[in-house]
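Dumped start_1.pdb below, it's PDB, C-alpha atoms:
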MODEL        1
ATOM      1  CA  MET S  50      88.511-127.659-167.048
ATOM      2  CA  PRO S  51      91.017-129.959-168.734
ATOM      3  CA  VAL S  52      94.137-130.551-166.664
ATOM      4  CA  PHE S  53      96.470-129.202-169.363
ATOM      5  CA  LEU S  54      94.474-125.956-169.573
ATOM      6  CA  ALA S  55      94.543-125.488-165.780
ATOM      7  CA  ALA S  56      98.293-126.120-165.748
ATOM      8  CA  ALA S  57      98.813-123.630-168.594
ATOM      9  CA  LEU S  58      96.809-120.945-166.770
ATOM     10  CA  LEU S  59      98.779-121.476-163.562
ATOM     11  CA  ALA S  60     102.074-121.340-165.422
ATOM     12  CA  ALA S  61     101.083-118.115-167.208
ATOM     13  CA  ALA S  62      99.790-116.356-164.079
ATOM     14  CA  PRO S  63     103.148-115.483-162.478
ATOM     15  CA  ALA S  64     104.545-114.025-165.709
ATOM     16  CA  SER S  65     101.368-112.027-166.229
ATOM     17  CA  LEU S  66     101.405-110.735-162.651
ATOM     18  CA  ALA S  67     105.078-109.809-162.953
ATOM     19  CA  THR S  68     104.201-107.859-166.098
ATOM     20  CA  ASP S  69     101.345-106.108-164.267
ATOM     21  CA  VAL S  70     103.671-105.087-161.426
ATOM     22  CA  GLY S  71     106.340-103.907-163.890
ATOM     23  CA  GLN S  72     103.737-101.808-165.691
ATOM     24  CA  LEU S  73     102.726-100.271-162.352
ATOM     25  CA  VAL S  74     106.336 -99.149-161.797
ATOM     26  CA  ASP S  75     106.421 -97.769-165.353
ATOM     27  CA  ARG S  76     103.189 -95.795-164.741
ATOM     28  CA  PHE S  77     104.608 -94.463-161.452
ATOM     29  CA  ASN S  78     107.784 -93.244-163.137
ATOM     30  CA  ALA S  79     105.899 -91.796-166.126
ATOM     31  CA  ALA S  80     103.592 -89.866-163.776
ATOM     32  CA  ARG S  81     106.582 -88.460-161.883
ATOM     33  CA  THR S  82     108.346 -87.429-165.101
ATOM     34  CA  ALA S  83     105.169 -85.743-166.404
ATOM     35  CA  PHE S  84     104.404 -84.087-163.024
ATOM     36  CA  ASP S  85     100.966 -85.729-163.248
ATOM     37  CA  ASP S  86      99.903 -85.846-159.609
ATOM     38  CA  ARG S  87      96.536 -87.494-160.359
ATOM     39  CA  SER S  88      98.089 -90.401-162.233
ATOM     40  CA  LEU S  89     100.763 -90.623-159.551
ATOM     41  CA  ALA S  90      98.118 -90.799-156.809
ATOM     42  CA  ALA S  91      96.440 -93.695-158.622
ATOM     43  CA  THR S  92      99.649 -95.741-158.396
ATOM     44  CA  LEU S  93     100.222 -95.218-154.661
ATOM     45  CA  ALA S  94      98.685 -97.147-151.766
ATOM     46  CA  PRO S  95      97.128 -95.004-149.020
ATOM     47  CA  ASP S  96     100.020 -95.761-146.640
ATOM     48  CA  PHE S  97     102.804 -95.339-149.234
ATOM     49  CA  GLN S  98     106.218 -94.278-147.931
ATOM     50  CA  GLU S  99     109.319 -93.350-149.882
ATOM     51  CA  ILE S 100     112.914 -93.254-148.732
ATOM     52  CA  SER S 101     114.510 -90.640-150.968
ATOM     53  CA  PRO S 102     118.062 -90.767-152.353
ATOM     54  CA  VAL S 103     119.133 -88.418-149.533
ATOM     55  CA  GLY S 104     117.532 -90.600-146.849
ATOM     56  CA  ASP S 105     114.369 -88.606-146.151
ATOM     57  CA  VAL S 106     111.189 -90.548-145.403
ATOM     58  CA  ASP S 107     108.356 -89.018-147.415
ATOM     59  CA  SER S 108     104.664 -89.770-147.011
ATOM     60  CA  ARG S 109     102.255 -90.387-149.886
ATOM     61  CA  ASP S 110     100.945 -86.815-149.643
ATOM     62  CA  GLN S 111     104.464 -85.366-149.705
ATOM     63  CA  VAL S 112     105.436 -87.412-152.770
ATOM     64  CA  ILE S 113     102.274 -86.419-154.623
ATOM     65  CA  GLY S 114     102.943 -82.786-153.646
ATOM     66  CA  PHE S 115     106.457 -82.916-155.108
ATOM     67  CA  TYR S 116     104.969 -83.809-158.497
ATOM     68  CA  ARG S 117     102.071 -81.344-158.804
ATOM     69  CA  ALA S 118     101.984 -79.587-162.175
ATOM     70  CA  ASP S 119     102.840 -76.236-160.525
ATOM     71  CA  GLN S 120     106.036 -77.801-159.122
ATOM     72  CA  ARG S 121     107.242 -78.870-162.572
ATOM     73  CA  LYS S 122     110.926 -78.414-163.275
ATOM     74  CA  PRO S 123     113.293 -79.941-165.815
ATOM     75  CA  VAL S 124     114.235 -83.516-165.002
ATOM     76  CA  PRO S 125     116.923 -85.602-166.635
ATOM     77  CA  THR S 126     115.907 -88.497-168.848
ATOM     78  CA  MET S 127     116.045 -91.693-166.830
ATOM     79  CA  THR S 128     116.579 -95.207-168.093
ATOM     80  CA  SER S 129     115.722 -98.355-166.194
ATOM     81  CA  SER S 130     117.583-101.635-166.431
ATOM     82  CA  GLU S 131     118.270-104.787-164.466
ATOM     83  CA  ARG S 132     114.618-105.060-163.366
ATOM     84  CA  SER S 133     113.644-108.090-161.345
ATOM     85  CA  VAL S 134     110.213-108.884-159.942
ATOM     86  CA  ALA S 135     109.616-111.279-157.050
ATOM     87  CA  LEU S 136     105.963-112.195-156.473
ATOM     88  CA  HIS S 137     104.642-113.164-153.035
ATOM     89  CA  ARG S 138     100.872-113.856-153.212
ATOM     90  CA  ASP S 139      99.393-110.385-152.623
ATOM     91  CA  TRP S 140     102.630-108.364-152.651
ATOM     92  CA  ALA S 141     105.712-108.086-154.827
ATOM     93  CA  LEU S 142     109.238-106.703-154.762
ATOM     94  CA  VAL S 143     110.618-104.889-157.780
ATOM     95  CA  THR S 144     114.289-104.009-157.931
ATOM     96  CA  GLU S 145     115.878-102.083-160.768
ATOM     97  CA  ARG S 146     118.717 -99.780-161.702
ATOM     98  CA  VAL S 147     117.793 -96.229-162.748
ATOM     99  CA  SER S 148     120.431 -94.148-164.545
ATOM    100  CA  PHE S 149     120.396 -90.527-165.660
ATOM    101  CA  ASP S 150     122.802 -87.899-166.970
ATOM    102  CA  MET S 151     123.409 -84.779-164.904
ATOM    103  CA  ALA S 152     124.876 -81.579-166.275
ATOM    104  CA  LYS S 153     127.994 -80.344-164.538
ATOM    105  CA  PRO S 154     128.826 -76.629-164.180
ATOM    106  CA  ASP S 155     131.475 -76.919-166.913
ATOM    107  CA  GLY S 156     128.842 -78.088-169.434
ATOM    108  CA  THR S 157     129.856 -81.735-169.467
ATOM    109  CA  THR S 158     127.608 -84.474-168.167
ATOM    110  CA  VAL S 159     128.077 -87.300-165.727
ATOM    111  CA  THR S 160     125.958 -90.441-165.484
ATOM    112  CA  ARG S 161     124.563 -91.294-162.066
ATOM    113  CA  SER S 162     122.721 -94.447-161.081
ATOM    114  CA  LEU S 163     120.416 -95.478-158.272
ATOM    115  CA  ARG S 164     119.206 -98.879-157.168
ATOM    116  CA  VAL S 165     115.470 -98.681-156.541
ATOM    117  CA  ARG S 166     113.378-101.120-154.525
ATOM    118  CA  TYR S 167     109.610-100.935-154.849
ATOM    119  CA  VAL S 168     107.072-102.850-152.786
ATOM    120  CA  ALA S 169     103.766-103.401-154.565
ATOM    121  CA  VAL S 170     100.570-104.686-152.949
ATOM    122  CA  LYS S 171      97.410-106.122-154.448
ATOM    123  CA  ALA S 172      94.661-103.503-154.516
ATOM    124  CA  GLY S 173      91.345-104.793-155.799
ATOM    125  CA  ALA S 174      91.922-106.163-159.284
ATOM    126  CA  GLY S 175      95.251-104.364-159.685
ATOM    127  CA  TRP S 176      98.375-103.288-157.828
ATOM    128  CA  GLN S 177      99.584-100.187-155.994
ATOM    129  CA  LEU S 178     102.969 -99.198-154.645
ATOM    130  CA  ALA S 179     103.348 -99.298-150.868
ATOM    131  CA  SER S 180     106.983 -98.247-150.785
ATOM    132  CA  ALA S 181     109.944 -97.057-152.824
ATOM    133  CA  GLN S 182     113.526 -96.749-151.643
ATOM    134  CA  TYR S 183     116.369 -95.160-153.613
ATOM    135  CA  THR S 184     120.013 -95.977-152.935
ATOM    136  CA  GLY S 185     122.861 -94.313-154.818
ATOM    137  CA  ILE S 186     125.303 -96.523-156.669
ATOM    138  CA  PRO S 187     128.844 -95.153-156.315
ATOM    139  CA  ASN S 188     130.689 -94.330-159.520
ATOM    140  CA  ARG S 189     133.711 -96.541-159.976
TER     141      ARG S 189
ENDMDL
END
Step by step, read the file and then write its structure as structure tokens.
Amino acid sequence: MPVFLAAALLAAAPASLATDVGQLVDRFNAARTAFDDRSLAATLAPDFQEISPVGDVDSRDQVIGFYRADQRKPVPTMTSSERSVALHRDWALVTERVSFDMAKPDGTTVTRSLRVRYVAVKAGAGWQLASAQYTGIPNR
């Protein structure tokens, strides 16, 4: 393989892997929003753990159970921003801000934001999430 081609492939690999990990997080969030427990299960490693916004530690089975179709309830539209991906051989950290509008009893809305940290691990030819942690961002 010519040296320039090998160098180009190595340079492209981290960006491609970062994209793959970002797409994993997108699939995870889409599955939660759609209450698609099968798609959600495909994104989660067998030993997945989540620390919820209220501090509960939830197992993979609990998280999948929260998002079964028969548990479906209205959820606010969420937007992600400030995503960063840090790759470490066979695992990665993804940090992002998730914001959503909540209805207040008086009919107005208030925007709330969380900082989310995901840990992704290599799984075969792809990636799965091993952990997610949600931390509220105080309104200022």
Exercise. Check which residues satisfy the PyMOL selection byres ((chain S and resi 141) around 9) in the file shown, then give them as a PyMOL selection string.
Key: chain S and resi 67+70+134-140+142-143+167-171
So which residues get picked by the PyMOL selection byres ((chain S and resi 157-162) around 12) here, written as a PDB file with C-alpha atoms, keeping the file's coordinate frame?
ATOM      1  CA  PRO S 102     118.062 -90.767-152.353  1.00  0.00           C
ATOM      2  CA  PRO S 125     116.923 -85.602-166.635  1.00  0.00           C
ATOM      3  CA  THR S 126     115.907 -88.497-168.848  1.00  0.00           C
ATOM      4  CA  MET S 127     116.045 -91.693-166.830  1.00  0.00           C
ATOM      5  CA  THR S 128     116.579 -95.207-168.093  1.00  0.00           C
ATOM      6  CA  SER S 129     115.722 -98.355-166.194  1.00  0.00           C
ATOM      7  CA  SER S 130     117.583-101.635-166.431  1.00  0.00           C
ATOM      8  CA  GLU S 131     118.270-104.787-164.466  1.00  0.00           C
ATOM      9  CA  GLU S 145     115.878-102.083-160.768  1.00  0.00           C
ATOM     10  CA  ARG S 146     118.717 -99.780-161.702  1.00  0.00           C
ATOM     11  CA  VAL S 147     117.793 -96.229-162.748  1.00  0.00           C
ATOM     12  CA  SER S 148     120.431 -94.148-164.545  1.00  0.00           C
ATOM     13  CA  PHE S 149     120.396 -90.527-165.660  1.00  0.00           C
ATOM     14  CA  ASP S 150     122.802 -87.899-166.970  1.00  0.00           C
ATOM     15  CA  MET S 151     123.409 -84.779-164.904  1.00  0.00           C
ATOM     16  CA  ALA S 152     124.876 -81.579-166.275  1.00  0.00           C
ATOM     17  CA  LYS S 153     127.994 -80.344-164.538  1.00  0.00           C
ATOM     18  CA  PRO S 154     128.826 -76.629-164.180  1.00  0.00           C
ATOM     19  CA  ASP S 155     131.475 -76.919-166.913  1.00  0.00           C
ATOM     20  CA  GLY S 156     128.842 -78.088-169.434  1.00  0.00           C
ATOM     21  CA  LEU S 163     120.416 -95.478-158.272  1.00  0.00           C
ATOM     22  CA  ARG S 164     119.206 -98.879-157.168  1.00  0.00           C
ATOM     23  CA  VAL S 165     115.470 -98.681-156.541  1.00  0.00           C
ATOM     24  CA  TYR S 183     116.369 -95.160-153.613  1.00  0.00           C
ATOM     25  CA  THR S 184     120.013 -95.977-152.935  1.00  0.00           C
ATOM     26  CA  GLY S 185     122.861 -94.313-154.818  1.00  0.00           C
ATOM     27  CA  ILE S 186     125.303 -96.523-156.669  1.00  0.00           C
ATOM     28  CA  PRO S 187     128.844 -95.153-156.315  1.00  0.00           C
ATOM     29  CA  ASN S 188     130.689 -94.330-159.520  1.00  0.00           C
ATOM     30  CA  ARG S 189     133.711 -96.541-159.976  1.00  0.00           C
TER      31      ARG S 189
END
Take the PyMOL selection byres ((chain S and resi 86) around 12), run it mentally on this structure, and tell me the resulting residues as a PDB file with C-alpha atoms, in the frame of the given file.
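Below is the file that was written, selection25.pdb:
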ATOM      1  CA  ARG S  76     103.189 -95.795-164.741  1.00  0.00           C
ATOM      2  CA  PHE S  77     104.608 -94.463-161.452  1.00  0.00           C
ATOM      3  CA  ASN S  78     107.784 -93.244-163.137  1.00  0.00           C
ATOM      4  CA  ALA S  79     105.899 -91.796-166.126  1.00  0.00           C
ATOM      5  CA  ALA S  80     103.592 -89.866-163.776  1.00  0.00           C
ATOM      6  CA  ARG S  81     106.582 -88.460-161.883  1.00  0.00           C
ATOM      7  CA  THR S  82     108.346 -87.429-165.101  1.00  0.00           C
ATOM      8  CA  ALA S  83     105.169 -85.743-166.404  1.00  0.00           C
ATOM      9  CA  PHE S  84     104.404 -84.087-163.024  1.00  0.00           C
ATOM     10  CA  ASP S  85     100.966 -85.729-163.248  1.00  0.00           C
ATOM     11  CA  ARG S  87      96.536 -87.494-160.359  1.00  0.00           C
ATOM     12  CA  SER S  88      98.089 -90.401-162.233  1.00  0.00           C
ATOM     13  CA  LEU S  89     100.763 -90.623-159.551  1.00  0.00           C
ATOM     14  CA  ALA S  90      98.118 -90.799-156.809  1.00  0.00           C
ATOM     15  CA  ALA S  91      96.440 -93.695-158.622  1.00  0.00           C
ATOM     16  CA  THR S  92      99.649 -95.741-158.396  1.00  0.00           C
ATOM     17  CA  LEU S  93     100.222 -95.218-154.661  1.00  0.00           C
ATOM     18  CA  ARG S 109     102.255 -90.387-149.886  1.00  0.00           C
ATOM     19  CA  ASP S 110     100.945 -86.815-149.643  1.00  0.00           C
ATOM     20  CA  GLN S 111     104.464 -85.366-149.705  1.00  0.00           C
ATOM     21  CA  VAL S 112     105.436 -87.412-152.770  1.00  0.00           C
ATOM     22  CA  ILE S 113     102.274 -86.419-154.623  1.00  0.00           C
ATOM     23  CA  GLY S 114     102.943 -82.786-153.646  1.00  0.00           C
ATOM     24  CA  PHE S 115     106.457 -82.916-155.108  1.00  0.00           C
ATOM     25  CA  TYR S 116     104.969 -83.809-158.497  1.00  0.00           C
ATOM     26  CA  ARG S 117     102.071 -81.344-158.804  1.00  0.00           C
ATOM     27  CA  ALA S 118     101.984 -79.587-162.175  1.00  0.00           C
ATOM     28  CA  ASP S 119     102.840 -76.236-160.525  1.00  0.00           C
ATOM     29  CA  GLN S 120     106.036 -77.801-159.122  1.00  0.00           C
ATOM     30  CA  ARG S 121     107.242 -78.870-162.572  1.00  0.00           C
TER      31      ARG S 121
END
Please return the centre and edge lengths, in Å to one decimal, of a box with edges along x, y and z that contains all listed atoms of range 93-102 of chain S, widened by 8 Å on every side, as JSON.
{"center_x": 107.6, "center_y": -93.9, "center_z": -150.7, "size_x": 36.9, "size_y": 22.5, "size_z": 24.0}
Quiz prompt | Straight-line distance linking CA of Thr68 in chain S with CA of Asp96 in chain S, stated in Å to one decimal | solution =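 Separation of CA of Thr68 in chain S and CA of Asp96 in chain S: 23.3 Å.
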Quiz item: Any idea what the distance is between CA of Ser133 in chain S and CA of Gln182 in chain S?
Solution: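 Here the two named atoms are 14.9 Å from each other.
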Quiz prompt | Interatomic distance, CA of Asp107 in chain S to CA of Gly71 in chain S (Å, one decimal) | solution = 22.3 Å
Exercise. Pick out the closest residue to Phe97 in chain S from this set: S:Gln177, S:Ser65, S:Thr144, S:Gln72. Count all atoms listed in the file.
Key: S:Gln177
Exercise. Rank nothing, just name the residue among S:Ala64, S:Pro123, S:Val74, S:Asp69 nearest to Ala174 in chain S, using all atoms listed in the file.
Key: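 Answer, going by the shortest atom-to-atom distance: S:Asp69.
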